[in-house]
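Shown next: query_14.pdb, containing PDB, C-alpha atoms.
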ATOM      1  CA  ALA A   1       6.406   7.231 -19.505
ATOM      2  CA  ARG A   2       9.596   6.666 -21.521
ATOM      3  CA  ARG A   3      11.017   4.405 -18.811
ATOM      4  CA  ILE A   4       7.827   2.324 -18.835
ATOM      5  CA  GLU A   5       7.957   2.051 -22.631
ATOM      6  CA  ARG A   6      11.594   0.938 -22.418
ATOM      7  CA  GLU A   7      10.760  -1.704 -19.801
ATOM      8  CA  VAL A   8       7.856  -3.005 -21.889
ATOM      9  CA  ARG A   9      10.201  -3.343 -24.870
ATOM     10  CA  ASP A  10      12.591  -5.341 -22.675
ATOM     11  CA  VAL A  11       9.831  -7.778 -21.736
ATOM     12  CA  GLY A  12       8.599  -8.175 -25.291
ATOM     13  CA  ASP A  13       4.923  -9.012 -25.446
ATOM     14  CA  ALA A  14       4.066  -7.422 -22.093
ATOM     15  CA  ASP A  15       0.610  -5.911 -21.747
ATOM     16  CA  LEU A  16       0.818  -2.841 -19.545
ATOM     17  CA  ASP A  17      -2.178  -0.982 -18.154
ATOM     18  CA  VAL A  18      -1.267   2.216 -16.290
ATOM     19  CA  ARG A  19      -3.992   3.825 -14.176
ATOM     20  CA  GLU A  20      -4.145   6.728 -11.777
ATOM     21  CA  LEU A  21      -4.389   5.950  -8.071
ATOM     22  CA  ASP A  22      -3.886   8.488  -5.288
ATOM     23  CA  LEU A  23      -3.607   6.654  -1.966
ATOM     24  CA  ALA A  24      -4.010  10.004  -0.171
ATOM     25  CA  ASP A  25      -7.585  10.253  -1.471
ATOM     26  CA  LEU A  26     -10.058   7.507  -0.585
ATOM     27  CA  ASP A  27     -12.338   8.573  -3.467
ATOM     28  CA  SER A  28      -9.427   7.913  -5.826
ATOM     29  CA  VAL A  29      -8.917   4.498  -4.221
ATOM     30  CA  ALA A  30     -12.610   3.704  -4.754
ATOM     31  CA  ALA A  31     -12.527   4.916  -8.372
ATOM     32  CA  PHE A  32      -9.404   2.867  -9.120
ATOM     33  CA  ALA A  33     -10.902  -0.273  -7.584
ATOM     34  CA  ASP A  34     -14.193   0.193  -9.454
ATOM     35  CA  SER A  35     -12.343   0.739 -12.730
ATOM     36  CA  PHE A  36     -10.132  -2.298 -12.174
ATOM     37  CA  ARG A  37     -13.101  -4.476 -11.256
ATOM     38  CA  ALA A  38     -14.981  -3.357 -14.370
ATOM     39  CA  ASP A  39     -12.094  -4.328 -16.645
ATOM     40  CA  TYR A  40     -10.559  -7.411 -14.994
ATOM     41  CA  ASP A  41     -11.940 -10.639 -13.590
ATOM     42  CA  ASP A  42      -8.629 -11.845 -12.161
ATOM     43  CA  LEU A  43      -6.301 -10.438  -9.548
ATOM     44  CA  ASP A  44      -3.569 -12.955  -8.765
ATOM     45  CA  VAL A  45      -1.318 -10.665  -6.736
ATOM     46  CA  LEU A  46      -2.090  -7.359  -5.069
ATOM     47  CA  VAL A  47       1.124  -5.597  -4.055
ATOM     48  CA  ASN A  48       0.677  -2.728  -1.612
ATOM     49  CA  ASN A  49       3.953  -0.936  -2.229
ATOM     50  CA  ALA A  50       3.479   2.809  -2.689
ATOM     51  CA  GLY A  51       4.310   5.209   0.095
ATOM     52  CA  VAL A  52       5.877   8.320   1.486
ATOM     53  CA  MET A  53       8.696   8.533   4.017
ATOM     54  CA  ALA A  54       9.706  10.984   6.738
ATOM     55  CA  ILE A  55       7.833  13.998   5.420
ATOM     56  CA  PRO A  56       6.686  17.074   7.329
ATOM     57  CA  ARG A  57       3.231  16.751   8.856
ATOM     58  CA  SER A  58       0.407  17.196   6.404
ATOM     59  CA  GLU A  59      -2.984  15.629   5.856
ATOM     60  CA  THR A  60      -4.575  13.565   3.138
ATOM     61  CA  THR A  61      -7.653  14.717   1.261
ATOM     62  CA  ASP A  62      -9.713  12.887   3.884
ATOM     63  CA  GLY A  63      -7.957  14.534   6.842
ATOM     64  CA  PHE A  64      -5.598  11.759   7.926
ATOM     65  CA  GLU A  65      -1.923  12.349   8.747
ATOM     66  CA  THR A  66      -0.298  11.757   5.369
ATOM     67  CA  GLN A  67       2.172   8.986   6.187
ATOM     68  CA  PHE A  68      -0.457   6.940   8.023
ATOM     69  CA  GLY A  69      -3.071   7.769   5.399
ATOM     70  CA  VAL A  70      -0.960   6.898   2.361
ATOM     71  CA  ASN A  71       1.237   4.118   3.711
ATOM     72  CA  HIS A  72      -1.469   2.277   5.619
ATOM     73  CA  LEU A  73      -5.050   3.492   5.210
ATOM     74  CA  GLY A  74      -4.887   3.825   1.423
ATOM     75  CA  HIS A  75      -3.590   0.268   1.072
ATOM     76  CA  PHE A  76      -6.075  -1.002   3.661
ATOM     77  CA  ALA A  77      -8.951   0.549   1.692
ATOM     78  CA  LEU A  78      -7.634  -0.719  -1.650
ATOM     79  CA  THR A  79      -7.245  -4.244  -0.303
ATOM     80  CA  GLY A  80     -10.727  -4.116   1.183
ATOM     81  CA  ARG A  81     -12.199  -3.088  -2.161
ATOM     82  CA  LEU A  82     -10.331  -5.754  -4.138
ATOM     83  CA  LEU A  83     -10.061  -8.677  -1.720
ATOM     84  CA  ASP A  84     -13.112 -10.495  -3.036
ATOM     85  CA  ARG A  85     -11.559 -10.368  -6.529
ATOM     86  CA  VAL A  86      -8.331 -11.878  -5.104
ATOM     87  CA  VAL A  87     -10.331 -14.654  -3.398
ATOM     88  CA  GLU A  88     -12.382 -15.346  -6.546
ATOM     89  CA  THR A  89      -9.184 -15.598  -8.596
ATOM     90  CA  ALA A  90      -7.670 -18.042  -6.116
ATOM     91  CA  GLU A  91     -10.795 -20.195  -6.237
ATOM     92  CA  ARG A  92     -10.494 -20.407 -10.044
ATOM     93  CA  ASP A  93      -6.711 -20.573 -10.415
ATOM     94  CA  GLY A  94      -5.546 -22.283  -7.234
ATOM     95  CA  GLU A  95      -3.859 -19.469  -5.346
ATOM     96  CA  ALA A  96      -3.433 -15.720  -5.019
ATOM     97  CA  ARG A  97      -1.846 -13.375  -2.544
ATOM     98  CA  VAL A  98      -1.713  -9.932  -1.031
ATOM     99  CA  VAL A  99       1.807  -8.594  -0.513
ATOM    100  CA  THR A 100       2.222  -5.624   1.806
ATOM    101  CA  VAL A 101       5.599  -3.923   1.586
ATOM    102  CA  SER A 102       6.587  -2.476   4.933
ATOM    103  CA  SER A 103      10.006  -1.505   6.254
ATOM    104  CA  GLY A 104      12.433  -2.658   8.900
ATOM    105  CA  VAL A 105      11.607   0.669  10.542
ATOM    106  CA  HIS A 106       8.393  -1.001  11.744
ATOM    107  CA  GLU A 107      10.486  -2.378  14.615
ATOM    108  CA  ASN A 108      10.814   1.172  15.970
ATOM    109  CA  GLY A 109       7.142   1.930  15.415
ATOM    110  CA  GLU A 110       4.434   2.313  18.004
ATOM    111  CA  ILE A 111       0.766   2.809  17.340
ATOM    112  CA  ASP A 112      -0.135   5.957  19.291
ATOM    113  CA  PHE A 113      -3.872   5.512  19.727
ATOM    114  CA  ASP A 114      -4.025   8.682  21.836
ATOM    115  CA  ASP A 115      -2.580  10.796  19.005
ATOM    116  CA  LEU A 116      -2.882   8.617  15.900
ATOM    117  CA  GLN A 117      -2.897  11.630  13.585
ATOM    118  CA  GLY A 118       0.107  13.341  15.172
ATOM    119  CA  GLU A 119      -1.914  16.442  16.035
ATOM    120  CA  ARG A 120      -0.449  16.938  19.522
ATOM    121  CA  GLY A 121       3.093  16.032  18.646
ATOM    122  CA  TYR A 122       4.670  15.055  15.374
ATOM    123  CA  ASP A 123       7.971  13.441  14.568
ATOM    124  CA  LYS A 124       8.340  12.438  10.919
ATOM    125  CA  TRP A 125      10.274   9.248  11.699
ATOM    126  CA  GLU A 126       7.886   8.177  14.465
ATOM    127  CA  ALA A 127       4.986   8.727  12.081
ATOM    128  CA  TYR A 128       6.742   6.693   9.397
ATOM    129  CA  GLY A 129       7.471   3.884  11.869
ATOM    130  CA  GLN A 130       3.854   3.894  13.008
ATOM    131  CA  SER A 131       2.621   3.613   9.420
ATOM    132  CA  LYS A 132       5.002   0.746   8.683
ATOM    133  CA  LEU A 133       4.057  -1.090  11.893
ATOM    134  CA  ALA A 134       0.412  -0.682  10.846
ATOM    135  CA  ASN A 135       1.345  -2.360   7.534
ATOM    136  CA  VAL A 136       2.833  -5.335   9.354
ATOM    137  CA  LEU A 137      -0.099  -5.697  11.742
ATOM    138  CA  PHE A 138      -2.551  -5.428   8.837
ATOM    139  CA  GLY A 139      -0.766  -8.042   6.752
ATOM    140  CA  TYR A 140      -0.570 -10.536   9.614
ATOM    141  CA  GLU A 141      -4.168  -9.940  10.687
ATOM    142  CA  LEU A 142      -5.428 -10.313   7.128
ATOM    143  CA  ASP A 143      -3.653 -13.658   6.876
ATOM    144  CA  ARG A 144      -5.103 -14.757  10.229
ATOM    145  CA  ARG A 145      -8.625 -13.785   9.162
ATOM    146  CA  LEU A 146      -8.312 -15.499   5.792
ATOM    147  CA  ASP A 147      -7.212 -18.692   7.553
ATOM    148  CA  ALA A 148     -10.030 -18.405  10.114
ATOM    149  CA  ALA A 149     -12.530 -18.037   7.257
ATOM    150  CA  GLY A 150     -11.149 -21.177   5.612
ATOM    151  CA  VAL A 151      -9.626 -19.256   2.698
ATOM    152  CA  VAL A 152      -6.422 -21.267   2.551
ATOM    153  CA  ASN A 153      -5.498 -20.512  -1.064
ATOM    154  CA  VAL A 154      -5.001 -16.767  -0.474
ATOM    155  CA  GLY A 155      -1.933 -15.700   1.433
ATOM    156  CA  SER A 156      -1.199 -12.356   2.986
ATOM    157  CA  VAL A 157       2.518 -11.731   3.345
ATOM    158  CA  VAL A 158       4.543  -8.769   4.554
ATOM    159  CA  CYS A 159       8.035  -7.948   3.427
ATOM    160  CA  HIS A 160      10.839  -5.445   3.861
ATOM    161  CA  PRO A 161      12.170  -4.429   0.445
ATOM    162  CA  GLY A 162      15.722  -3.753   1.528
ATOM    163  CA  TYR A 163      17.252  -0.665   0.021
ATOM    164  CA  ALA A 164      15.741   0.305  -3.297
ATOM    165  CA  ALA A 165      17.229   3.089  -5.413
ATOM    166  CA  THR A 166      14.122   5.263  -5.755
ATOM    167  CA  ASN A 167      13.234   8.906  -5.276
ATOM    168  CA  LEU A 168      11.706   8.078  -1.886
ATOM    169  CA  GLN A 169      14.836   8.980   0.079
ATOM    170  CA  ARG A 170      14.976  12.525  -1.280
ATOM    171  CA  ARG A 171      11.259  13.381  -1.027
ATOM    172  CA  GLY A 172      11.311  14.111   2.738
ATOM    173  CA  PRO A 173      14.235  16.528   2.590
ATOM    174  CA  GLU A 174      12.754  18.190  -0.506
ATOM    175  CA  ALA A 175       9.448  18.708   1.303
ATOM    176  CA  GLU A 176      11.278  20.503   4.105
ATOM    177  CA  GLY A 177      12.985  22.842   1.647
TER     178      GLY A 177
END
Let me see the structure of the file written as structure tokens.
Amino acid sequence: ARRIEREVRDVGDADLDVRELDLADLDSVAAFADSFRADYDDLDVLVNNAGVMAIPRSETTDGFETQFGVNHLGHFALTGRLLDRVVETAERDGEARVVTVSSGVHENGEIDFDDLQGERGYDKWEAYGQSKLANVLFGYELDRRLDAAGVVNVGSVVCHPGYAATNLQRRGPEAEG
């Protein structure tokens, strides 16, 4: 909270609204989206950027393998619940976008439809790669579908963030003890 306050001071007249969202719980995703929709008419940019990396196998509240559930399904559900607000904003303001942050690790990913949840065999890096490949496929398919529907003022883009100095790199090893 102190870091956020410091960053707001640096921006000056920034208006910051911090809300709880647990991408590992689809009820939390729904509650966040409903709350956002109740309070805001505009959504210019939706950035799907939260995630977990290379953690031991576990499951989300809804029973999905955690990396796939958090990194992909949570963002997929959030986008689905807010996409009409993004489109409405673009119609009023001229453009809007959905940005899905993936990873270069997607190049090593494979979608294992026979064991999507990693129940028969689990490798933390394979699971991470699968989740990041799912991000890329989702972002591209969303853009294709928006274009096919004639929604040309909403873009769906996918990016690799490069290295970012966050706590993400230490979470996996911490989870293993």
For this session: Place a sphere of radius 12 Å on (0.2, 14.8, 3.3) in the file coordinates and name every protein, DNA or RNA residue with an atom inside or on its surface, counting all atoms listed in the file; give the answer as a ChimeraX atom specification.
Result: /A:22-25,51-71,117-118,124,127,171-172,175
For this session: Go through A:Gly155, A:Tyr128, A:His75, A:Glu141 and flag the residue nearest Val101 of chain A, using all atoms listed in the file for the distances.
Result: A:His75
For this session: May I ask for the distance between atom CA of Arg97 of chain A and atom CA of Ser28 of chain A, given in Å to one decimal place?
Result: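 Atom-to-atom, atom CA of Arg97 of chain A to atom CA of Ser28 of chain A, that is 22.8 Å.
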Problem set entry | atom CA of Asn49 of chain A to atom CA of Ala96 of chain A, straight-line distance in Å | 16.8 Å
Exercise. Which residues match the PyMOL selection byres ((chain A and resi 85) around 9) in the file above, as a list in words?
Worked result: Arg37, Asp41, Asp42, Leu43, Asp44, Arg81, Leu82, Leu83, Asp84, Val86, Val87, Glu88, Thr89 and Ala90 of chain A
Problem set entry | Which of A:Leu146, A:Val154, A:Val47, A:Ala14 sits closest to Thr79 of chain A [using all atoms listed in the file] |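 Closest residue, counting all atoms listed in the file: A:Val47.
Residue nearest Val152 of chain A, chosen from A:Val45, A:Leu133, A:Asp112, A:Glu91 and counting only C-alpha atoms: A:Glu91.
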Problem set entry | Coordinates-based distance that separates atom CA of Thr100 of chain A from atom CA of Asp27 of chain A (Å, one decimal) | 21.0 Å
Problem set entry | Proximity to Gly109 of chain A - best of A:Glu95, A:Tyr122, A:Asp17, A:Gly129, only C-alpha atoms |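 Selected residue with least distance to Gly109 of chain A: A:Gly129.
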Exercise. Got a sec to resolve the PyMOL selection byres ((chain A and resi 108) around 9) on this structure and send the residues as an NGL selection string?
Worked result: :A and (104-107 or 109-110 or 126 or 129-130 or 133)
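Distances from A:Glu20, A:Tyr40, A:Asn153, A:Leu142 to Asp93 of chain A were compared using only C-alpha atoms, and the smallest one belongs to A:Asn153.
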Exercise. Within 7 Å of (-0.8, -11.7, 4.5), in the coordinates the file gives, what residues turn up when you count only C-alpha atoms, written out as number ranges by chain?
Worked result: A: 98-99, 139-140, 142-143, 155-158
